$ cat coords_32.txt   # compact mmCIF, C-alpha atoms
# COMPACT_ATOMS: atom_id res chain seq x y z
CA MET D 1 -5.52 7.61 25.31
CA SER D 2 -8.78 9.42 24.53
CA TYR D 3 -10.09 6.32 22.72
CA VAL D 4 -9.57 4.26 25.86
CA ILE D 5 -11.73 6.72 27.79
CA ILE D 6 -14.44 6.59 25.12
CA PHE D 7 -14.26 2.79 25.15
CA ILE D 8 -14.69 2.61 28.94
CA LEU D 9 -17.61 5.04 28.87
CA LEU D 10 -19.36 3.07 26.11
CA TRP D 11 -18.62 -0.35 27.58
CA PRO D 12 -22.03 -0.71 29.34
CA PHE D 13 -23.80 -0.08 26.02
CA LYS D 14 -21.61 -2.68 24.31
CA ILE D 15 -22.61 -5.28 26.92
CA LEU D 16 -26.30 -4.35 26.79
CA MET D 17 -26.37 -4.71 22.99
CA LYS D 18 -24.50 -8.02 22.84
CA PRO D 19 -27.59 -10.28 23.23
CA PHE D 20 -29.07 -8.64 20.13
CA HIS D 21 -26.14 -9.65 17.92
CA GLN D 22 -27.32 -11.86 15.06
CA GLY D 23 -24.67 -13.88 13.28
CA LYS D 24 -24.74 -13.45 9.53
CA GLY D 25 -21.15 -14.41 8.75
CA ARG D 26 -20.06 -10.87 7.88
CA ASN D 27 -16.38 -9.90 7.90
CA LEU D 28 -14.89 -6.51 8.75
CA VAL D 29 -11.31 -5.69 7.73
CA ILE D 30 -9.72 -2.59 9.25
CA GLN D 31 -6.75 -1.01 7.45
CA THR D 32 -6.75 2.79 7.13
CA ALA D 33 -3.31 3.29 5.58
CA LYS D 34 -2.55 4.31 2.02
CA ILE D 35 -2.25 2.71 -1.44
CA GLY D 36 0.63 0.25 -1.02
CA ASP D 37 -0.73 -0.99 2.30
CA PHE D 38 -4.19 -1.48 0.78
CA VAL D 39 -2.79 -3.57 -2.07
CA ASN D 40 -1.01 -5.76 0.47
CA ILE D 41 -4.23 -6.63 2.32
CA THR D 42 -5.93 -7.88 -0.86
CA PRO D 43 -4.75 -11.52 -0.45
CA LEU D 44 -6.68 -11.57 2.84
CA LEU D 45 -9.72 -10.06 1.09
CA LYS D 46 -9.52 -12.84 -1.50
CA HIS D 47 -9.34 -15.48 1.21
CA LEU D 48 -12.38 -14.05 3.00
CA LYS D 49 -14.27 -13.84 -0.33
CA LYS D 50 -16.59 -11.02 0.83
CA SER D 51 -15.82 -8.35 3.41
CA ASP D 52 -16.74 -4.89 4.56
CA VAL D 53 -13.79 -2.56 5.08
CA LEU D 54 -12.86 0.42 7.22
CA ILE D 55 -10.32 2.26 5.07
CA SER D 56 -8.91 5.67 4.16
CA LYS D 57 -10.66 7.82 1.58
CA THR D 58 -7.39 7.80 -0.37
CA VAL D 59 -7.93 4.21 -1.54
CA LEU D 60 -11.68 4.46 -2.18
CA PRO D 61 -11.22 4.54 -6.01
CA LEU D 62 -9.56 1.09 -5.77
CA ALA D 63 -11.76 -0.41 -3.06
CA GLY D 64 -14.90 0.74 -4.83
CA ARG D 65 -13.95 -1.42 -7.84
CA ASP D 66 -13.12 -4.54 -5.87
CA THR D 67 -15.68 -7.34 -5.95
CA THR D 68 -14.27 -8.87 -2.75
CA ILE D 69 -15.53 -5.76 -0.92
CA GLU D 70 -19.17 -5.10 -0.05
CA SER D 71 -19.73 -2.11 2.28
CA ILE D 72 -17.09 0.59 2.71
CA PHE D 73 -16.61 2.84 5.73
CA LEU D 74 -14.23 5.80 5.37
CA ILE D 75 -12.36 6.73 8.54
CA GLU D 76 -12.16 10.41 7.51
CA GLU D 77 -15.96 10.72 7.62
CA TYR D 78 -16.14 9.85 11.31
CA LYS D 79 -12.93 10.72 13.15
CA LYS D 80 -13.22 14.52 13.12
CA SER D 81 -15.78 14.76 15.93
CA LEU D 82 -16.66 12.84 19.08
CA LEU D 83 -20.22 12.36 17.85
CA GLY D 84 -18.93 10.97 14.55
CA LYS D 85 -16.62 8.52 16.32
CA ILE D 86 -19.46 7.23 18.51
CA ARG D 87 -21.86 7.01 15.57
CA LEU D 88 -19.48 4.72 13.66
CA ALA D 89 -18.84 2.63 16.77
CA PHE D 90 -22.55 1.80 17.04
CA LYS D 91 -22.85 1.19 13.29
CA LEU D 92 -20.19 -1.51 13.57
CA LEU D 93 -21.19 -2.85 17.01
CA ASN D 94 -23.45 -5.82 16.18
CA ARG D 95 -22.89 -6.00 12.43
CA TYR D 96 -20.03 -8.54 12.19
CA ASP D 97 -19.11 -12.09 13.12
CA ASN D 98 -15.43 -11.71 12.20
CA VAL D 99 -13.24 -8.65 12.70
CA TYR D 100 -9.65 -8.35 11.46
CA LEU D 101 -7.51 -5.47 12.75
CA LEU D 102 -4.58 -4.98 10.37
CA GLN D 103 -3.44 -1.47 11.27
CA PRO D 104 -3.43 -1.35 15.07
CA ASN D 105 -3.41 2.36 15.88
CA SER D 106 -5.60 3.78 18.65
CA ILE D 107 -8.70 4.62 16.63
CA ASN D 108 -8.71 1.36 14.67
CA ALA D 109 -8.12 -0.73 17.80
CA PHE D 110 -11.02 1.07 19.49
CA TYR D 111 -13.45 0.18 16.70
CA ALA D 112 -12.26 -3.42 16.51
CA ALA D 113 -12.54 -3.86 20.28
CA PHE D 114 -16.01 -2.30 20.46
CA CYS D 115 -17.49 -4.78 17.99
CA ASN D 116 -19.52 -7.67 19.44
CA ALA D 117 -18.07 -10.13 16.95
CA GLU D 118 -17.75 -13.85 17.65
CA TYR D 119 -14.19 -13.92 16.28
CA LYS D 120 -11.77 -11.02 16.52
CA ALA D 121 -8.18 -11.27 15.28
CA PHE D 122 -5.87 -8.33 15.99
CA LEU D 123 -2.37 -7.62 14.74
CA ILE D 124 -0.15 -6.19 17.45
CA ALA D 125 2.87 -4.24 16.20
CA TYR D 126 6.12 -2.85 17.57
CA THR D 127 4.54 0.62 17.88
CA ARG D 128 1.86 -0.47 20.36
CA LYS D 129 1.06 1.75 23.33
CA TRP D 130 0.72 0.33 26.82
CA TYR D 131 -2.88 1.48 27.06
CA HIS D 132 -3.83 -0.51 23.95
CA GLY D 133 -3.91 -3.52 26.25
CA ILE D 134 -7.57 -2.86 27.07
CA PHE D 135 -8.45 -3.27 23.39
CA TYR D 136 -6.41 -6.45 22.94
CA ARG D 137 -8.15 -8.08 25.90
CA THR D 138 -11.30 -8.25 23.73
CA ALA D 139 -9.58 -10.21 20.94
CA ASP D 140 -9.77 -13.94 20.35
CA VAL D 141 -6.47 -14.00 18.45
CA VAL D 142 -3.59 -11.57 18.90
CA ARG D 143 -0.73 -11.98 16.44
CA LEU D 144 2.56 -10.25 17.20
CA HIS D 145 4.04 -8.63 14.11
CA GLN D 146 7.73 -7.72 14.23
CA LYS D 147 9.93 -5.79 11.81
CA THR D 148 11.35 -9.05 10.49
CA ASP D 149 7.90 -10.44 9.60
CA PHE D 150 6.31 -10.11 6.17
CA THR D 151 3.13 -8.03 6.56
CA LEU D 152 1.23 -9.82 3.80
CA GLU D 153 1.74 -13.12 5.62
CA SER D 154 0.92 -11.65 9.03
CA TYR D 155 -2.41 -10.41 7.66
CA LEU D 156 -3.31 -13.80 6.19
CA LYS D 157 -2.44 -15.70 9.35
CA LEU D 158 -5.01 -13.70 11.29
CA ALA D 159 -7.64 -15.64 9.35
CA ASP D 160 -5.83 -18.98 9.05
CA SER D 161 -2.44 -19.79 10.56
CA SER D 162 -1.74 -22.30 7.77
CA LEU D 163 -1.76 -19.60 5.07
CA SER D 164 1.44 -18.16 3.63
CA ALA D 165 2.43 -15.32 1.32
CA GLU D 166 2.13 -17.73 -1.61
CA SER D 167 -1.48 -18.67 -0.81
CA TYR D 168 -3.09 -15.78 -2.70
CA SER D 169 -1.94 -13.20 -5.21
CA LYS D 170 -2.32 -9.46 -4.69
CA HIS D 171 -4.58 -7.21 -6.75
CA ALA D 172 -5.21 -3.49 -7.07
CA THR D 173 -8.81 -3.90 -8.24
CA PHE D 174 -10.54 -7.26 -8.59
CA PRO D 175 -10.98 -7.98 -11.39
CA LEU D 176 -8.63 -5.50 -13.05
CA TRP D 177 -10.82 -2.53 -13.93
CA LYS D 178 -10.42 -1.07 -17.42
CA PRO D 179 -11.69 2.45 -18.10
CA GLU D 180 -13.91 2.99 -21.13
CA LYS D 181 -11.42 5.45 -22.59
CA THR D 182 -7.67 4.97 -22.31
CA LEU D 183 -4.94 7.51 -22.95
CA GLN D 184 -3.63 7.76 -26.50
CA GLU D 185 -0.12 7.73 -25.04
CA LEU D 186 -0.61 4.13 -23.91
CA ASN D 187 -1.16 2.73 -27.40
CA GLU D 188 1.05 -0.18 -28.35
CA ASN D 189 4.41 0.58 -29.86
CA ASN D 190 7.61 -1.32 -30.51
CA LYS D 191 9.48 0.22 -27.61
CA ILE D 192 10.04 -1.05 -24.08
CA LYS D 193 7.45 0.72 -21.94
CA ILE D 194 8.86 1.66 -18.57
CA GLY D 195 6.68 3.41 -16.00
CA ILE D 196 8.37 5.55 -13.37
CA SER D 197 7.29 7.45 -10.27
CA ILE D 198 9.62 10.38 -9.77
CA SER D 199 8.11 11.27 -6.40
CA ALA D 200 6.31 9.51 -3.52
CA GLY D 201 3.46 10.31 -1.14
CA ASN D 202 6.07 10.58 1.62
CA LYS D 203 8.32 13.16 -0.02
CA ALA D 204 11.28 11.92 2.01
CA LYS D 205 11.12 8.81 -0.22
CA THR D 206 11.49 10.87 -3.40
CA ILE D 207 14.38 9.74 -5.61
CA PRO D 208 16.58 12.76 -6.45
CA THR D 209 16.61 14.06 -10.02
CA ALA D 210 20.34 13.34 -10.36
CA VAL D 211 19.70 9.66 -9.62
CA TRP D 212 16.94 9.48 -12.23
CA ILE D 213 19.31 10.93 -14.80
CA LYS D 214 21.82 8.17 -14.01
CA ILE D 215 19.11 5.53 -14.47
CA LEU D 216 17.95 7.02 -17.77
CA ASN D 217 21.52 7.32 -19.00
CA VAL D 218 22.38 3.70 -18.19
CA LEU D 219 19.36 2.60 -20.25
CA ASP D 220 20.37 4.85 -23.13
CA GLY D 221 20.75 2.84 -26.30
CA LEU D 222 17.88 0.52 -25.47
CA PRO D 223 14.56 1.14 -27.25
CA CYS D 224 12.85 2.44 -24.10
CA GLN D 225 9.87 4.76 -23.73
CA PHE D 226 9.47 6.17 -20.21
CA TYR D 227 6.04 7.05 -18.81
CA VAL D 228 5.99 9.34 -15.79
CA PHE D 229 3.07 8.58 -13.44
CA GLY D 230 1.89 10.91 -10.71
CA PRO D 231 -0.75 13.38 -9.51
CA GLU D 232 -0.83 16.99 -10.67
CA ASN D 233 1.16 18.25 -7.68
CA GLU D 234 4.23 16.32 -8.88
CA GLN D 235 4.59 18.45 -12.00
CA LYS D 236 7.52 20.33 -10.45
CA TYR D 237 9.56 17.12 -10.15
CA TYR D 238 8.95 16.37 -13.81
CA ALA D 239 9.99 19.91 -14.79
CA GLN D 240 13.24 19.51 -12.84
CA LEU D 241 13.97 16.23 -14.59
CA VAL D 242 13.28 17.46 -18.12
CA GLU D 243 15.28 20.63 -17.52
CA LYS D 244 18.42 18.66 -16.69
CA LEU D 245 18.11 16.05 -19.43
CA SER D 246 19.91 16.64 -22.69
CA ASN D 247 17.26 14.59 -24.53
CA SER D 248 13.72 14.01 -23.26
CA GLU D 249 12.11 12.77 -26.47
CA ASN D 250 11.61 9.28 -25.04
CA ILE D 251 9.78 10.55 -21.92
CA VAL D 252 5.99 10.84 -21.82
CA SER D 253 4.31 12.65 -18.94
CA LEU D 254 1.10 11.13 -17.56
CA ILE D 255 1.20 13.45 -14.56
CA GLY D 256 -2.28 14.61 -13.67
CA LYS D 257 -3.85 12.63 -16.53
CA LEU D 258 -5.02 9.57 -14.58
CA GLU D 259 -7.44 9.10 -11.71
CA LEU D 260 -6.33 6.52 -9.16
CA GLN D 261 -8.81 3.93 -10.42
CA GLU D 262 -7.27 4.23 -13.90
CA VAL D 263 -3.70 3.72 -12.71
CA PRO D 264 -3.71 -0.12 -12.36
CA TYR D 265 -4.79 -0.68 -15.97
CA ALA D 266 -2.34 1.93 -17.26
CA ILE D 267 0.51 0.32 -15.32
CA SER D 268 -0.54 -3.10 -16.64
CA GLN D 269 0.35 -1.79 -20.11
CA MET D 270 3.96 -1.25 -19.07
CA ASP D 271 6.80 -3.73 -19.47
CA MET D 272 8.59 -2.53 -16.35
CA TYR D 273 8.13 -0.09 -13.45
CA ILE D 274 10.80 1.83 -11.52
CA ALA D 275 10.21 3.76 -8.30
CA SER D 276 11.01 3.97 -4.61
CA ASP D 277 8.93 2.07 -2.06
CA SER D 278 5.61 3.71 -2.90
CA GLY D 279 2.03 2.95 -3.91
CA ASN D 280 2.62 2.50 -7.63
CA ILE D 281 5.35 -0.08 -7.04
CA TYR D 282 2.77 -2.26 -5.29
CA ILE D 283 0.15 -1.61 -7.96
CA ALA D 284 2.67 -2.70 -10.61
CA ASP D 285 3.53 -5.76 -8.55
CA ALA D 286 -0.16 -6.61 -8.24
CA VAL D 287 -0.69 -6.53 -12.02
CA ASN D 288 2.38 -8.74 -12.61
CA ILE D 289 4.70 -6.09 -13.97
CA PRO D 290 8.41 -6.54 -13.10
CA VAL D 291 9.61 -3.74 -10.84
CA ILE D 292 12.87 -2.09 -9.91
CA CYS D 293 12.50 -0.72 -6.39
CA LEU D 294 15.03 1.62 -4.81
CA ALA D 295 14.66 0.97 -1.08
CA GLY D 296 16.32 4.16 0.14
CA PRO D 297 15.48 4.53 3.87
CA CYS D 298 12.94 1.67 3.89
CA ASP D 299 13.42 -1.77 5.38
CA LEU D 300 11.90 -4.00 2.70
CA THR D 301 12.14 -7.15 4.79
CA GLU D 302 8.76 -6.28 6.26
CA GLN D 303 6.95 -5.35 3.06
CA HIS D 304 8.22 -5.65 -0.50
CA PRO D 305 7.21 -6.44 -4.09
CA THR D 306 6.95 -10.17 -4.79
CA TYR D 307 6.53 -10.50 -8.57
CA ALA D 308 9.96 -10.54 -10.25
CA PRO D 309 11.45 -7.55 -8.39
CA LEU D 310 14.93 -6.07 -8.45
CA ILE D 311 15.35 -4.42 -5.06
CA LEU D 312 18.31 -2.10 -4.61
CA MET D 313 19.39 -1.32 -1.05
CA PRO D 314 21.95 1.36 -0.09
CA GLU D 315 25.43 -0.14 -0.26
CA ASP D 316 26.85 2.11 2.46
CA LYS D 317 26.53 0.14 5.73
CA LYS D 318 25.95 3.29 7.77
CA LEU D 319 22.67 3.84 5.92
CA ILE D 320 20.63 1.45 8.03
CA PRO D 321 16.85 1.39 7.38
CA GLU D 322 14.85 3.98 9.29
CA SER D 323 11.38 3.56 7.77
CA PHE D 324 9.06 0.67 8.66
CA ILE D 325 5.43 -0.14 7.92
CA PHE D 326 4.10 0.88 11.32
CA SER D 327 6.77 3.51 11.96
CA ALA D 328 7.36 5.67 8.88
CA PRO D 329 8.94 9.05 9.64
CA TYR D 330 8.94 11.96 7.20
CA GLN D 331 12.54 12.95 7.91
CA PHE D 332 15.70 10.86 7.94
CA ARG D 333 19.19 11.30 9.31
CA HIS D 334 20.77 11.08 5.86
CA SER D 335 20.00 12.98 2.68
CA ALA D 336 18.03 11.54 -0.22
CA GLU D 337 21.20 11.79 -2.33
CA GLU D 338 22.92 9.39 0.09
CA LEU D 339 19.95 7.07 0.61
CA PHE D 340 19.19 6.62 -3.09
CA SER D 341 22.73 6.72 -4.45
CA LEU D 342 23.50 4.02 -7.01
CA SER D 343 26.90 2.47 -7.62
CA ASP D 344 28.11 1.50 -11.09
CA THR D 345 27.43 -2.11 -10.16
CA GLN D 346 23.82 -1.31 -9.26
CA LEU D 347 23.34 0.68 -12.46
CA ASP D 348 24.64 -2.31 -14.42
CA LYS D 349 22.10 -4.48 -12.59
CA ILE D 350 19.31 -2.16 -13.70
CA ARG D 351 20.37 -2.36 -17.34
CA SER D 352 20.73 -6.15 -17.18
CA PHE D 353 17.36 -6.52 -15.44
CA VAL D 354 15.58 -4.53 -18.13
CA MET D 355 17.26 -6.47 -20.92
CA ASN D 356 16.63 -9.88 -19.34
CA LYS D 357 13.01 -9.32 -18.37
CA VAL D 358 11.90 -7.63 -21.55
CA PHE D 359 13.96 -9.14 -24.34
CA GLN D 360 14.15 -12.72 -23.06
CA GLY D 361 10.87 -13.29 -21.25
CA GLN D 362 8.32 -10.61 -21.92
CA ARG D 363 6.78 -8.93 -24.96
CA HIS D 364 9.71 -8.00 -27.16
CA VAL D 365 12.15 -10.00 -29.26

$ encode --input "coords_32.txt" --output "structure tokens"
Amino acid sequence: MSYVIIFILLWPFKILMKPFHQGKGRNLVIQTAKIGDFVNITPLLKHLKKSDVLISKTVLPLAGRDTTIESIFLIEEYKKSLLGKIRLAFKLLNRYDNVYLLQPNSINAFYAAFCNAEYKAFLIAYTRKWYHGIFYRTADVVRLHQKTDFTLESYLKLADSSLSAESYSKHATFPLWKPEKTLQELNENNKIKIGISISAGNKAKTIPTAVWIKILNVLDGLPCQFYVFGPENEQKYYAQLVEKLSNSENIVSLIGKLELQEVPYAISQMDMYIASDSGNIYIADAVNIPVICLAGPCDLTEQHPTYAPLILMPEDKKLIPESFIFSAPYQFRHSAEELFSLSDTQLDKIRSFVMNKVFQGQRHV
């Protein structure tokens, strides 16, 4: 509600400055969520060719290596103080001809509405507040996004209603950025390279250790090498896994060894990636690596991998999805052991998927 008050107070300045707006064809894309959400806006960035972005600092290492992006504004640098919020508002005010609001929370909607752009296209989601109406009145196009809609397509249709999810491919960096030095552990070998994320940014989406052991056991006998991706603070999850495994010789830890900008290239060296609905799943998907995604509490109708995925939903009908793109809680009614449980049939699917994708169609004979 505070952003509505700021908007009303600044409205006279917005009107006074409007005659000084000079059209230069610039685009502004607003999406301040995290890694997976950033990857899913990249088809729109490709369509627009060149854009400025208002994003989270978390994804700066990716955005900074994306040639579809020109100027970058980080929401964290402005939202901590009233003066900072106003300063950014006036930076954006007359700068753009086209504004695309992809994550319609209060602060983002305020900035999008304050711009004196000739064309403003706003996504409106199921989490909207009644007082957001004042922001949406400034838009030229308002697209309703529901839980049954595919976010990637909803984003694209803000720019052109004829576009579909198949119109453009995703990317993590464009072009794929390769670091000067790569990890020795990633050198080619004759094994099936499978990347895994044993935790997630939202810890409620973390696959339990016991489930990982089942997955590793069902792939036992195949020539697999597992690479564990993650930041340094996920070391404890790796320790728990190794402690409970009878044999961990085919597991390589990359935890804490990669900066975010190095992750897409490292994942591109894998043959497969396994994780819950998290950032690295979408990075793998963007670099055309087949993925196995355990949905857990997430409804993957709204956002999901698109390149050769195996998506495993809970089989128990009482475990209905509780996590959505614009409404993602950090606690769920059921335990992670229930949400990520795998039946024998699902485990067989994992083994078959690995064998089919790698031995019959990928890099190994």

$ closest_residue --input "coords_32.txt" --among "D:Pro329, D:Pro12, D:Pro290, D:Pro175" --to "Lys193 in chain D" --atoms "all atoms listed in the file"
D:Pro290

$ closest_residue --input "coords_32.txt" --among "D:Cys115, D:Met270, D:Leu219, D:Leu258" --to "Asn187 in chain D" --atoms "all atoms listed in the file"
D:Met270

$ closest_residue --input "coords_32.txt" --among "D:Ser253, D:Ser154, D:Thr209, D:Thr58" --to "Leu44 in chain D" --atoms "all atoms listed in the file"
D:Ser154

$ residues_near_point --input "coords_32.txt" --point "(4.1, 16.7, 4.5)" --cutoff "8 Å" --atoms "only C-alpha atoms" --output "list in words"
Asn202, Lys203 and Tyr330 of chain D

$ write_last_selection --input "coords_32.txt" --atoms "C-alpha atoms" --output "mmCIF file, keeping the file's coordinate frame"
data_model
loop_
_atom_site.group_PDB
_atom_site.id
_atom_site.type_symbol
_atom_site.label_atom_id
_atom_site.label_comp_id
_atom_site.auth_asym_id
_atom_site.auth_seq_id
_atom_site.Cartn_x
_atom_site.Cartn_y
_atom_site.Cartn_z
ATOM 1 C CA ASN D 202 6.070 10.580 1.620
ATOM 2 C CA LYS D 203 8.320 13.160 -0.020
ATOM 3 C CA TYR D 330 8.940 11.960 7.200
#

$ closest_residue --input "coords_32.txt" --among "D:Met355, D:Ala210, D:Ile311, D:Ile15" --to "Gln240 in chain D" --atoms "only C-alpha atoms"
D:Ala210

$ closest_residue --input "coords_32.txt" --among "D:Ile107, D:Ala63, D:Ile350, D:Cys293" --to "Tyr78 in chain D" --atoms "only C-alpha atoms"
D:Ile107

$ closest_residue --input "coords_32.txt" --among "D:Gly36, D:Gly25, D:Gly279, D:Pro264" --to "Leu152 in chain D" --atoms "all atoms listed in the file"
D:Gly36

$ atom_distance --input "coords_32.txt" --atom1 "CA of His334 in chain D" --atom2 "CA of Ile207 in chain D"
13.2 Å

$ build_atoms --input "coords_32.txt" --residues "range 235-254 of chain D" --atoms "N, CA, C and O atoms" --output "mmCIF file, in the coordinates of the input"
data_model
loop_
_atom_site.group_PDB
_atom_site.id
_atom_site.type_symbol
_atom_site.label_atom_id
_atom_site.label_comp_id
_atom_site.auth_asym_id
_atom_site.auth_seq_id
_atom_site.Cartn_x
_atom_site.Cartn_y
_atom_site.Cartn_z
ATOM 1 N N GLN D 235 4.132 17.839 -10.757
ATOM 2 C CA GLN D 235 4.590 18.450 -12.000
ATOM 3 C C GLN D 235 5.976 19.088 -11.833
ATOM 4 O O GLN D 235 6.814 19.049 -12.747
ATOM 5 N N LYS D 236 6.233 19.650 -10.665
ATOM 6 C CA LYS D 236 7.520 20.330 -10.450
ATOM 7 C C LYS D 236 8.694 19.347 -10.531
ATOM 8 O O LYS D 236 9.779 19.706 -11.007
ATOM 9 N N TYR D 237 8.483 18.119 -10.077
ATOM 10 C CA TYR D 237 9.560 17.120 -10.150
ATOM 11 C C TYR D 237 9.838 16.744 -11.604
ATOM 12 O O TYR D 237 10.992 16.535 -11.992
ATOM 13 N N TYR D 238 8.782 16.671 -12.385
ATOM 14 C CA TYR D 238 8.950 16.370 -13.810
ATOM 15 C C TYR D 238 9.684 17.509 -14.517
ATOM 16 O O TYR D 238 10.576 17.266 -15.342
ATOM 17 N N ALA D 239 9.334 18.741 -14.179
ATOM 18 C CA ALA D 239 9.990 19.910 -14.790
ATOM 19 C C ALA D 239 11.484 19.911 -14.465
ATOM 20 O O ALA D 239 12.325 20.209 -15.332
ATOM 21 N N GLN D 240 11.830 19.568 -13.235
ATOM 22 C CA GLN D 240 13.240 19.510 -12.840
ATOM 23 C C GLN D 240 13.984 18.450 -13.638
ATOM 24 O O GLN D 240 15.128 18.660 -14.057
ATOM 25 N N LEU D 241 13.334 17.323 -13.859
ATOM 26 C CA LEU D 241 13.970 16.230 -14.590
ATOM 27 C C LEU D 241 14.206 16.616 -16.046
ATOM 28 O O LEU D 241 15.323 16.464 -16.569
ATOM 29 N N VAL D 242 13.180 17.117 -16.705
ATOM 30 C CA VAL D 242 13.280 17.460 -18.120
ATOM 31 C C VAL D 242 14.301 18.580 -18.339
ATOM 32 O O VAL D 242 15.046 18.585 -19.327
ATOM 33 N N GLU D 243 14.350 19.505 -17.394
ATOM 34 C CA GLU D 243 15.280 20.630 -17.520
ATOM 35 C C GLU D 243 16.734 20.175 -17.548
ATOM 36 O O GLU D 243 17.564 20.757 -18.254
ATOM 37 N N LYS D 244 17.031 19.105 -16.816
ATOM 38 C CA LYS D 244 18.420 18.660 -16.690
ATOM 39 C C LYS D 244 18.799 17.553 -17.671
ATOM 40 O O LYS D 244 19.954 17.143 -17.724
ATOM 41 N N LEU D 245 17.813 17.066 -18.433
ATOM 42 C CA LEU D 245 18.110 16.050 -19.430
ATOM 43 C C LEU D 245 18.519 16.689 -20.748
ATOM 44 O O LEU D 245 17.919 17.670 -21.183
ATOM 45 N N SER D 246 19.502 16.114 -21.381
ATOM 46 C CA SER D 246 19.910 16.640 -22.690
ATOM 47 C C SER D 246 18.921 16.224 -23.771
ATOM 48 O O SER D 246 18.741 16.911 -24.771
ATOM 49 N N ASN D 247 18.239 15.086 -23.544
ATOM 50 C CA ASN D 247 17.260 14.590 -24.530
ATOM 51 C C ASN D 247 16.086 13.963 -23.788
ATOM 52 O O ASN D 247 16.254 12.992 -23.058
ATOM 53 N N SER D 248 14.901 14.518 -23.961
ATOM 54 C CA SER D 248 13.720 14.010 -23.260
ATOM 55 C C SER D 248 12.657 13.501 -24.230
ATOM 56 O O SER D 248 11.492 13.364 -23.863
ATOM 57 N N GLU D 249 13.077 13.200 -25.463
ATOM 58 C CA GLU D 249 12.110 12.770 -26.470
ATOM 59 C C GLU D 249 11.467 11.429 -26.140
ATOM 60 O O GLU D 249 10.354 11.140 -26.584
ATOM 61 N N ASN D 250 12.164 10.603 -25.368
ATOM 62 C CA ASN D 250 11.610 9.280 -25.040
ATOM 63 C C ASN D 250 10.893 9.266 -23.692
ATOM 64 O O ASN D 250 10.669 8.210 -23.105
ATOM 65 N N ILE D 251 10.502 10.447 -23.190
ATOM 66 C CA ILE D 251 9.780 10.550 -21.920
ATOM 67 C C ILE D 251 8.390 11.116 -22.176
ATOM 68 O O ILE D 251 8.236 12.160 -22.820
ATOM 69 N N VAL D 252 7.378 10.415 -21.680
ATOM 70 C CA VAL D 252 5.990 10.840 -21.820
ATOM 71 C C VAL D 252 5.431 11.120 -20.432
ATOM 72 O O VAL D 252 5.510 10.272 -19.541
ATOM 73 N N SER D 253 4.886 12.303 -20.233
ATOM 74 C CA SER D 253 4.310 12.650 -18.940
ATOM 75 C C SER D 253 2.842 12.257 -18.868
ATOM 76 O O SER D 253 2.037 12.662 -19.703
ATOM 77 N N LEU D 254 2.505 11.454 -17.864
ATOM 78 C CA LEU D 254 1.100 11.130 -17.560
ATOM 79 C C LEU D 254 0.669 11.822 -16.270
ATOM 80 O O LEU D 254 -0.385 11.512 -15.719
#
